[in-house]
Amino acid sequence: MRNPVKERASLVARHDFDSLSSHSAIEVRAARYDELATLTDMARRLVPGVQITEPALRSYLAFDPECILSFSHTERLLGAIAFLYLNKRGHEALICGEISLTRPDVALLAGSDDKVSATYIWAIAATGRGIGGLGKAAMHLRAPRYAGADCFAQPSTAAGRDLLIATGFKQITSFQPDLWCYQRPWNRVPSNASAARSTRSFADARH
């Protein structure tokens, strides 16, 4: 499953992912098992090329209860966002194009006691105002377990690509086709520090 969104990207103002407002009326919480059939059907309708099944989603949710967040309003289910929390091996496999993103090996996923090295946005499927839940999903990823991990995604629709651009993702060079990365603000090297480091490295190279 990839990371498209059926809704227009214009529904999300241009902000860094971590700066999206979390004051939406949309409720965002860990998905329940009794919602998986509806979410699977929604994903098949909204996400091109979806191959995931309800039993597969159930197995990933059992492995990590926070890997799928549902979006709802007044008890009406509006969609969900699914994550792959990758361990160091999984992070490397993603960059090297050595991970199956349709049925990822759980050995590449961070266990509940493992450090999350990278977060892959596996899918976003939302209808109507459900896309407003993204700010709370971003807030979820600021919890200590996930905060140090940069986010990755692959768009499969024009709207999905626009959404990534609008939220600060950038396409990167990797063996994984069309891979985009959002570097968390606290992981970024300030431009002046980067320039100073480059100048220092150049000067060191001359001696």
# chains A, B, ... in the order shown; residues from 1 in each chain; ligands from 1
call {"tool": "residues_around", "arguments": {"residues": "A:Ile165", "least_positions_apart": "5", "cutoff": "10 Å", "atoms": "only C-alpha atoms", "output": "list in words"}}
result
Ala9, Arg14, His15, Asp16, Phe17, Ala159, Gly160, Lys170, Gln171, Trp180 and Tyr182 of chain A
call {"tool": "residues_around", "arguments": {"residues": "A:Gly90", "least_positions_apart": "5", "cutoff": "9 Å", "atoms": "only C-alpha atoms", "output": "list of chain:residue names"}}
result
A:Tyr85, A:Ile95, A:Glu98, A:Ile99, A:Asp105, A:Ala107, A:Leu108, A:Leu109, A:Ala110, A:Ser117, A:Ala118
call {"tool": "select_by_dssp", "arguments": {"residues": "stretch 126-203 of chain A", "states": "helix (DSSP H, G or I)", "output": "VMD selection string"}}
result
chain A and resid 128 to 140 144 to 147 158 to 166 185 to 187 191 to 203
call {"tool": "write_last_selection", "arguments": {"atoms": "C-alpha atoms", "output": "PDB file, in the first residue's frame"}}
result
ATOM      1  CA  GLY A 128     -14.446  14.779   2.943  1.00  0.00           C
ATOM      2  CA  ARG A 129     -13.287  16.624   6.016  1.00  0.00           C
ATOM      3  CA  GLY A 130     -11.440  13.544   7.287  1.00  0.00           C
ATOM      4  CA  ILE A 131      -8.197  14.917   5.846  1.00  0.00           C
ATOM      5  CA  GLY A 132      -8.381  17.483   8.664  1.00  0.00           C
ATOM      6  CA  GLY A 133      -7.159  14.742  10.983  1.00  0.00           C
ATOM      7  CA  LEU A 134      -3.623  14.966   9.619  1.00  0.00           C
ATOM      8  CA  GLY A 135      -2.598  17.539  12.228  1.00  0.00           C
ATOM      9  CA  LYS A 136      -3.473  15.170  15.057  1.00  0.00           C
ATOM     10  CA  ALA A 137      -1.706  12.328  13.236  1.00  0.00           C
ATOM     11  CA  ALA A 138       1.397  14.540  13.090  1.00  0.00           C
ATOM     12  CA  MET A 139       0.994  15.245  16.809  1.00  0.00           C
ATOM     13  CA  HIS A 140       0.917  11.471  17.418  1.00  0.00           C
ATOM     14  CA  PRO A 144       8.924  10.219  22.285  1.00  0.00           C
ATOM     15  CA  ARG A 145       8.883   6.850  20.504  1.00  0.00           C
ATOM     16  CA  TYR A 146       8.538   8.440  17.062  1.00  0.00           C
ATOM     17  CA  ALA A 147       9.859  11.996  17.409  1.00  0.00           C
ATOM     18  CA  ALA A 158      -1.318  13.777  -8.244  1.00  0.00           C
ATOM     19  CA  ALA A 159      -3.261  14.849  -5.147  1.00  0.00           C
ATOM     20  CA  GLY A 160      -1.009  12.728  -2.974  1.00  0.00           C
ATOM     21  CA  ARG A 161       2.070  14.339  -4.480  1.00  0.00           C
ATOM     22  CA  ASP A 162       0.583  17.807  -3.940  1.00  0.00           C
ATOM     23  CA  LEU A 163      -0.135  16.905  -0.332  1.00  0.00           C
ATOM     24  CA  LEU A 164       3.475  15.844   0.251  1.00  0.00           C
ATOM     25  CA  ILE A 165       4.762  19.071  -1.273  1.00  0.00           C
ATOM     26  CA  ALA A 166       2.314  21.108   0.839  1.00  0.00           C
ATOM     27  CA  PRO A 185      12.609  20.129  12.179  1.00  0.00           C
ATOM     28  CA  TRP A 186      14.833  19.118  15.106  1.00  0.00           C
ATOM     29  CA  ASN A 187      16.842  16.787  12.832  1.00  0.00           C
ATOM     30  CA  SER A 191      21.916  26.301   6.788  1.00  0.00           C
ATOM     31  CA  ASN A 192      24.659  28.463   8.333  1.00  0.00           C
ATOM     32  CA  ALA A 193      26.042  25.470  10.254  1.00  0.00           C
ATOM     33  CA  SER A 194      25.930  23.396   7.080  1.00  0.00           C
ATOM     34  CA  ALA A 195      27.780  26.095   5.143  1.00  0.00           C
ATOM     35  CA  ALA A 196      30.381  26.431   7.908  1.00  0.00           C
ATOM     36  CA  ARG A 197      30.868  22.679   7.983  1.00  0.00           C
ATOM     37  CA  SER A 198      31.284  22.581   4.192  1.00  0.00           C
ATOM     38  CA  THR A 199      33.835  25.417   4.297  1.00  0.00           C
ATOM     39  CA  ARG A 200      35.747  23.737   7.103  1.00  0.00           C
ATOM     40  CA  SER A 201      35.768  20.408   5.276  1.00  0.00           C
ATOM     41  CA  PHE A 202      37.073  22.121   2.123  1.00  0.00           C
ATOM     42  CA  ALA A 203      39.807  23.873   4.087  1.00  0.00           C
TER      43      ALA A 203
END
call {"tool": "residues_around", "arguments": {"residues": "A:Glu54", "least_positions_apart": "2", "cutoff": "12 Å", "atoms": "only C-alpha atoms", "output": "number ranges by chain"}}
result
A: 33-44, 50-52, 56-61
call {"tool": "write_last_selection", "arguments": {"atoms": "N, CA and C atoms", "output": "PDB file, in the first residue's frame"}}
result
ATOM      1  N   TYR A  33     -10.286  -3.068  15.976  1.00  0.00           N
ATOM      2  CA  TYR A  33     -10.419  -4.228  15.090  1.00  0.00           C
ATOM      3  C   TYR A  33     -11.761  -4.227  14.357  1.00  0.00           C
ATOM      4  N   ASP A  34     -12.827  -3.757  15.013  1.00  0.00           N
ATOM      5  CA  ASP A  34     -14.135  -3.787  14.368  1.00  0.00           C
ATOM      6  C   ASP A  34     -14.277  -2.729  13.270  1.00  0.00           C
ATOM      7  N   GLU A  35     -13.260  -1.876  13.099  1.00  0.00           N
ATOM      8  CA  GLU A  35     -13.280  -0.878  12.037  1.00  0.00           C
ATOM      9  C   GLU A  35     -12.501  -1.323  10.802  1.00  0.00           C
ATOM     10  N   LEU A  36     -11.757  -2.411  10.910  1.00  0.00           N
ATOM     11  CA  LEU A  36     -10.827  -2.776   9.847  1.00  0.00           C
ATOM     12  C   LEU A  36     -11.524  -3.142   8.543  1.00  0.00           C
ATOM     13  N   ALA A  37     -12.677  -3.798   8.606  1.00  0.00           N
ATOM     14  CA  ALA A  37     -13.394  -4.149   7.382  1.00  0.00           C
ATOM     15  C   ALA A  37     -13.790  -2.888   6.623  1.00  0.00           C
ATOM     16  N   THR A  38     -14.315  -1.896   7.354  1.00  0.00           N
ATOM     17  CA  THR A  38     -14.720  -0.635   6.725  1.00  0.00           C
ATOM     18  C   THR A  38     -13.507   0.108   6.185  1.00  0.00           C
ATOM     19  N   LEU A  39     -12.432   0.136   6.943  1.00  0.00           N
ATOM     20  CA  LEU A  39     -11.232   0.840   6.500  1.00  0.00           C
ATOM     21  C   LEU A  39     -10.598   0.158   5.298  1.00  0.00           C
ATOM     22  N   THR A  40     -10.622  -1.179   5.260  1.00  0.00           N
ATOM     23  CA  THR A  40     -10.088  -1.896   4.105  1.00  0.00           C
ATOM     24  C   THR A  40     -10.896  -1.568   2.857  1.00  0.00           C
ATOM     25  N   ASP A  41     -12.220  -1.565   2.998  1.00  0.00           N
ATOM     26  CA  ASP A  41     -13.081  -1.221   1.861  1.00  0.00           C
ATOM     27  C   ASP A  41     -12.843   0.212   1.411  1.00  0.00           C
ATOM     28  N   MET A  42     -12.690   1.120   2.355  1.00  0.00           N
ATOM     29  CA  MET A  42     -12.438   2.519   2.031  1.00  0.00           C
ATOM     30  C   MET A  42     -11.112   2.678   1.290  1.00  0.00           C
ATOM     31  N   ALA A  43     -10.089   1.960   1.752  1.00  0.00           N
ATOM     32  CA  ALA A  43      -8.784   2.036   1.109  1.00  0.00           C
ATOM     33  C   ALA A  43      -8.851   1.517  -0.325  1.00  0.00           C
ATOM     34  N   ARG A  44      -9.597   0.445  -0.539  1.00  0.00           N
ATOM     35  CA  ARG A  44      -9.714  -0.116  -1.888  1.00  0.00           C
ATOM     36  C   ARG A  44     -10.402   0.854  -2.836  1.00  0.00           C
ATOM     37  N   VAL A  50      -4.436  -0.784  -4.234  1.00  0.00           N
ATOM     38  CA  VAL A  50      -4.355  -1.386  -2.901  1.00  0.00           C
ATOM     39  C   VAL A  50      -4.476  -2.906  -2.995  1.00  0.00           C
ATOM     40  N   GLN A  51      -3.598  -3.595  -2.288  1.00  0.00           N
ATOM     41  CA  GLN A  51      -3.627  -5.053  -2.269  1.00  0.00           C
ATOM     42  C   GLN A  51      -3.828  -5.614  -0.864  1.00  0.00           C
ATOM     43  N   ILE A  52      -3.753  -4.757   0.132  1.00  0.00           N
ATOM     44  CA  ILE A  52      -3.845  -5.218   1.508  1.00  0.00           C
ATOM     45  C   ILE A  52      -5.235  -5.769   1.804  1.00  0.00           C
ATOM     46  N   ALA A  56      -4.630  -9.167   6.817  1.00  0.00           N
ATOM     47  CA  ALA A  56      -3.262  -8.638   6.884  1.00  0.00           C
ATOM     48  C   ALA A  56      -3.215  -7.402   7.775  1.00  0.00           C
ATOM     49  N   LEU A  57      -4.184  -6.508   7.615  1.00  0.00           N
ATOM     50  CA  LEU A  57      -4.238  -5.329   8.482  1.00  0.00           C
ATOM     51  C   LEU A  57      -4.381  -5.748   9.935  1.00  0.00           C
ATOM     52  N   ARG A  58      -5.174  -6.769  10.164  1.00  0.00           N
ATOM     53  CA  ARG A  58      -5.387  -7.258  11.526  1.00  0.00           C
ATOM     54  C   ARG A  58      -4.062  -7.742  12.140  1.00  0.00           C
ATOM     55  N   SER A  59      -3.246  -8.423  11.333  1.00  0.00           N
ATOM     56  CA  SER A  59      -1.974  -8.935  11.844  1.00  0.00           C
ATOM     57  C   SER A  59      -1.012  -7.799  12.162  1.00  0.00           C
ATOM     58  N   TYR A  60      -0.992  -6.742  11.323  1.00  0.00           N
ATOM     59  CA  TYR A  60      -0.103  -5.612  11.609  1.00  0.00           C
ATOM     60  C   TYR A  60      -0.588  -4.835  12.826  1.00  0.00           C
ATOM     61  N   LEU A  61      -1.908  -4.724  12.968  1.00  0.00           N
ATOM     62  CA  LEU A  61      -2.445  -4.020  14.131  1.00  0.00           C
ATOM     63  C   LEU A  61      -2.146  -4.797  15.405  1.00  0.00           C
TER      64      LEU A  61
END
call {"tool": "residues_around", "arguments": {"residues": "A:Ile121", "least_positions_apart": "3", "cutoff": "9 Å", "atoms": "only C-alpha atoms", "output": "list in words"}}
result
Arg2, Asn3, Ile81, Ala82, Phe83, Leu84, Tyr85, Ile124, Cys151, Phe152, Ala153 and Gln154 of chain A
call {"tool": "write_last_selection", "arguments": {"atoms": "C-alpha atoms", "output": "PDB file, in the first residue's frame"}}
result
ATOM      1  CA  ARG A   2       1.387   3.382  -0.914  1.00  0.00           C
ATOM      2  CA  ASN A   3       0.660   6.896   0.290  1.00  0.00           C
ATOM      3  CA  ILE A  81      -3.695   6.808   8.148  1.00  0.00           C
ATOM      4  CA  ALA A  82      -1.425   3.758   8.378  1.00  0.00           C
ATOM      5  CA  PHE A  83       2.240   3.769   9.328  1.00  0.00           C
ATOM      6  CA  LEU A  84       5.155   1.380   9.126  1.00  0.00           C
ATOM      7  CA  TYR A  85       7.428   2.093  12.081  1.00  0.00           C
ATOM      8  CA  ILE A 124      -3.797   7.823   3.764  1.00  0.00           C
ATOM      9  CA  CYS A 151       8.966  10.392   7.735  1.00  0.00           C
ATOM     10  CA  PHE A 152       8.870   8.797   4.284  1.00  0.00           C
ATOM     11  CA  ALA A 153       6.133   8.287   1.721  1.00  0.00           C
ATOM     12  CA  GLN A 154       5.442   7.448  -1.912  1.00  0.00           C
TER      13      GLN A 154
END
call {"tool": "atom_distance", "arguments": {"atom1": "atom CA of A:Pro104", "atom2": "atom CA of A:Trp122"}}
result
10.3 Å
call {"tool": "decode", "arguments": {"residues": "stretch 28-153 of chain A", "atoms": "C-alpha atoms", "output": "PDB file, in the first residue's frame"}}
result
ATOM      1  CA  VAL A  28      -7.929  10.702  15.667  1.00  0.00           C
ATOM      2  CA  ARG A  29      -7.225   7.551  17.650  1.00  0.00           C
ATOM      3  CA  ALA A  30      -5.822   4.051  17.329  1.00  0.00           C
ATOM      4  CA  ALA A  31      -8.029   2.028  15.005  1.00  0.00           C
ATOM      5  CA  ARG A  32     -10.189  -0.722  16.470  1.00  0.00           C
ATOM      6  CA  TYR A  33     -10.419  -4.228  15.090  1.00  0.00           C
ATOM      7  CA  ASP A  34     -14.135  -3.787  14.368  1.00  0.00           C
ATOM      8  CA  GLU A  35     -13.280  -0.878  12.037  1.00  0.00           C
ATOM      9  CA  LEU A  36     -10.827  -2.776   9.847  1.00  0.00           C
ATOM     10  CA  ALA A  37     -13.394  -4.149   7.382  1.00  0.00           C
ATOM     11  CA  THR A  38     -14.720  -0.635   6.725  1.00  0.00           C
ATOM     12  CA  LEU A  39     -11.232   0.840   6.500  1.00  0.00           C
ATOM     13  CA  THR A  40     -10.088  -1.896   4.105  1.00  0.00           C
ATOM     14  CA  ASP A  41     -13.081  -1.221   1.861  1.00  0.00           C
ATOM     15  CA  MET A  42     -12.438   2.519   2.031  1.00  0.00           C
ATOM     16  CA  ALA A  43      -8.784   2.036   1.109  1.00  0.00           C
ATOM     17  CA  ARG A  44      -9.714  -0.116  -1.888  1.00  0.00           C
ATOM     18  CA  ARG A  45     -12.085   2.581  -3.129  1.00  0.00           C
ATOM     19  CA  LEU A  46      -9.809   5.559  -2.520  1.00  0.00           C
ATOM     20  CA  VAL A  47      -6.275   4.243  -2.977  1.00  0.00           C
ATOM     21  CA  PRO A  48      -5.155   3.059  -6.430  1.00  0.00           C
ATOM     22  CA  GLY A  49      -3.632  -0.405  -6.494  1.00  0.00           C
ATOM     23  CA  VAL A  50      -4.355  -1.386  -2.901  1.00  0.00           C
ATOM     24  CA  GLN A  51      -3.627  -5.053  -2.269  1.00  0.00           C
ATOM     25  CA  ILE A  52      -3.845  -5.218   1.508  1.00  0.00           C
ATOM     26  CA  THR A  53      -6.565  -7.396   3.018  1.00  0.00           C
ATOM     27  CA  GLU A  54      -8.427  -7.140   6.293  1.00  0.00           C
ATOM     28  CA  PRO A  55      -6.630 -10.175   7.800  1.00  0.00           C
ATOM     29  CA  ALA A  56      -3.262  -8.638   6.884  1.00  0.00           C
ATOM     30  CA  LEU A  57      -4.238  -5.329   8.482  1.00  0.00           C
ATOM     31  CA  ARG A  58      -5.387  -7.258  11.526  1.00  0.00           C
ATOM     32  CA  SER A  59      -1.974  -8.935  11.844  1.00  0.00           C
ATOM     33  CA  TYR A  60      -0.103  -5.612  11.609  1.00  0.00           C
ATOM     34  CA  LEU A  61      -2.445  -4.020  14.131  1.00  0.00           C
ATOM     35  CA  ALA A  62      -1.797  -6.941  16.483  1.00  0.00           C
ATOM     36  CA  PHE A  63       1.957  -6.397  16.066  1.00  0.00           C
ATOM     37  CA  ASP A  64       1.658  -2.656  16.757  1.00  0.00           C
ATOM     38  CA  PRO A  65      -1.682  -1.254  18.006  1.00  0.00           C
ATOM     39  CA  GLU A  66      -0.668   2.285  16.979  1.00  0.00           C
ATOM     40  CA  CYS A  67       0.204   1.566  13.347  1.00  0.00           C
ATOM     41  CA  ILE A  68      -3.268   2.580  12.112  1.00  0.00           C
ATOM     42  CA  LEU A  69      -5.027   5.748  13.265  1.00  0.00           C
ATOM     43  CA  SER A  70      -8.682   6.226  12.387  1.00  0.00           C
ATOM     44  CA  PHE A  71     -10.292   9.583  11.552  1.00  0.00           C
ATOM     45  CA  SER A  72     -13.891  10.143  12.622  1.00  0.00           C
ATOM     46  CA  HIS A  73     -16.396  12.868  13.413  1.00  0.00           C
ATOM     47  CA  THR A  74     -19.495  12.463  15.560  1.00  0.00           C
ATOM     48  CA  GLU A  75     -18.832   8.710  15.488  1.00  0.00           C
ATOM     49  CA  ARG A  76     -18.808   8.589  11.697  1.00  0.00           C
ATOM     50  CA  LEU A  77     -15.669   6.940  10.314  1.00  0.00           C
ATOM     51  CA  LEU A  78     -14.036   9.225   7.734  1.00  0.00           C
ATOM     52  CA  GLY A  79     -10.801   7.394   7.017  1.00  0.00           C
ATOM     53  CA  ALA A  80      -7.445   6.459   8.431  1.00  0.00           C
ATOM     54  CA  ILE A  81      -3.695   6.808   8.148  1.00  0.00           C
ATOM     55  CA  ALA A  82      -1.425   3.758   8.378  1.00  0.00           C
ATOM     56  CA  PHE A  83       2.240   3.769   9.328  1.00  0.00           C
ATOM     57  CA  LEU A  84       5.155   1.380   9.126  1.00  0.00           C
ATOM     58  CA  TYR A  85       7.428   2.093  12.081  1.00  0.00           C
ATOM     59  CA  LEU A  86      10.759   0.867  10.751  1.00  0.00           C
ATOM     60  CA  ASN A  87      13.729  -0.289  12.779  1.00  0.00           C
ATOM     61  CA  LYS A  88      17.266   0.418  11.578  1.00  0.00           C
ATOM     62  CA  ARG A  89      17.251  -2.590   9.228  1.00  0.00           C
ATOM     63  CA  GLY A  90      13.885  -1.543   7.847  1.00  0.00           C
ATOM     64  CA  HIS A  91      15.083   2.024   7.332  1.00  0.00           C
ATOM     65  CA  GLU A  92      18.080   0.799   5.346  1.00  0.00           C
ATOM     66  CA  ALA A  93      15.897  -1.629   3.380  1.00  0.00           C
ATOM     67  CA  LEU A  94      13.540   1.215   2.445  1.00  0.00           C
ATOM     68  CA  ILE A  95      16.332   3.410   1.097  1.00  0.00           C
ATOM     69  CA  CYS A  96      17.886   0.458  -0.746  1.00  0.00           C
ATOM     70  CA  GLY A  97      14.591  -0.654  -2.273  1.00  0.00           C
ATOM     71  CA  GLU A  98      14.776  -3.986  -0.443  1.00  0.00           C
ATOM     72  CA  ILE A  99      11.443  -3.905   1.376  1.00  0.00           C
ATOM     73  CA  SER A 100       8.068  -5.121   0.135  1.00  0.00           C
ATOM     74  CA  LEU A 101       5.730  -2.220   0.770  1.00  0.00           C
ATOM     75  CA  THR A 102       2.669  -4.297  -0.102  1.00  0.00           C
ATOM     76  CA  ARG A 103       3.430  -6.928   2.571  1.00  0.00           C
ATOM     77  CA  PRO A 104       6.398  -5.754   4.679  1.00  0.00           C
ATOM     78  CA  ASP A 105       8.345  -8.271   6.733  1.00  0.00           C
ATOM     79  CA  VAL A 106       7.665  -7.656  10.426  1.00  0.00           C
ATOM     80  CA  ALA A 107      11.383  -8.251  11.074  1.00  0.00           C
ATOM     81  CA  LEU A 108      11.914  -4.804   9.531  1.00  0.00           C
ATOM     82  CA  LEU A 109       9.421  -3.153  11.876  1.00  0.00           C
ATOM     83  CA  ALA A 110      10.269  -1.684  15.264  1.00  0.00           C
ATOM     84  CA  GLY A 111       8.839  -3.633  18.162  1.00  0.00           C
ATOM     85  CA  SER A 112       7.217  -1.832  21.062  1.00  0.00           C
ATOM     86  CA  ASP A 113      10.566  -1.711  22.899  1.00  0.00           C
ATOM     87  CA  ASP A 114      12.631  -0.790  19.823  1.00  0.00           C
ATOM     88  CA  LYS A 115      13.722   2.618  18.657  1.00  0.00           C
ATOM     89  CA  VAL A 116      11.838   3.765  15.562  1.00  0.00           C
ATOM     90  CA  SER A 117      14.468   4.670  12.971  1.00  0.00           C
ATOM     91  CA  ALA A 118      12.053   5.871  10.267  1.00  0.00           C
ATOM     92  CA  THR A 119       8.305   6.219   9.862  1.00  0.00           C
ATOM     93  CA  TYR A 120       6.846   5.240   6.493  1.00  0.00           C
ATOM     94  CA  ILE A 121       3.396   6.641   5.781  1.00  0.00           C
ATOM     95  CA  TRP A 122       1.907   3.488   4.363  1.00  0.00           C
ATOM     96  CA  ALA A 123      -1.453   4.908   3.303  1.00  0.00           C
ATOM     97  CA  ILE A 124      -3.797   7.823   3.764  1.00  0.00           C
ATOM     98  CA  ALA A 125      -7.417   7.141   2.865  1.00  0.00           C
ATOM     99  CA  ALA A 126      -9.910   9.806   3.876  1.00  0.00           C
ATOM    100  CA  THR A 127     -13.212  11.210   2.692  1.00  0.00           C
ATOM    101  CA  GLY A 128     -14.446  14.779   2.943  1.00  0.00           C
ATOM    102  CA  ARG A 129     -13.287  16.624   6.016  1.00  0.00           C
ATOM    103  CA  GLY A 130     -11.440  13.544   7.287  1.00  0.00           C
ATOM    104  CA  ILE A 131      -8.197  14.917   5.846  1.00  0.00           C
ATOM    105  CA  GLY A 132      -8.381  17.483   8.664  1.00  0.00           C
ATOM    106  CA  GLY A 133      -7.159  14.742  10.983  1.00  0.00           C
ATOM    107  CA  LEU A 134      -3.623  14.966   9.619  1.00  0.00           C
ATOM    108  CA  GLY A 135      -2.598  17.539  12.228  1.00  0.00           C
ATOM    109  CA  LYS A 136      -3.473  15.170  15.057  1.00  0.00           C
ATOM    110  CA  ALA A 137      -1.706  12.328  13.236  1.00  0.00           C
ATOM    111  CA  ALA A 138       1.397  14.540  13.090  1.00  0.00           C
ATOM    112  CA  MET A 139       0.994  15.245  16.809  1.00  0.00           C
ATOM    113  CA  HIS A 140       0.917  11.471  17.418  1.00  0.00           C
ATOM    114  CA  LEU A 141       4.296  11.198  15.683  1.00  0.00           C
ATOM    115  CA  ARG A 142       5.768  13.747  18.088  1.00  0.00           C
ATOM    116  CA  ALA A 143       5.483  11.246  20.948  1.00  0.00           C
ATOM    117  CA  PRO A 144       8.924  10.219  22.285  1.00  0.00           C
ATOM    118  CA  ARG A 145       8.883   6.850  20.504  1.00  0.00           C
ATOM    119  CA  TYR A 146       8.538   8.440  17.062  1.00  0.00           C
ATOM    120  CA  ALA A 147       9.859  11.996  17.409  1.00  0.00           C
ATOM    121  CA  GLY A 148      13.414  11.242  16.302  1.00  0.00           C
ATOM    122  CA  ALA A 149      12.328   9.422  13.140  1.00  0.00           C
ATOM    123  CA  ASP A 150      12.048  11.222   9.807  1.00  0.00           C
ATOM    124  CA  CYS A 151       8.966  10.392   7.735  1.00  0.00           C
ATOM    125  CA  PHE A 152       8.870   8.797   4.284  1.00  0.00           C
ATOM    126  CA  ALA A 153       6.133   8.287   1.721  1.00  0.00           C
TER     127      ALA A 153
END
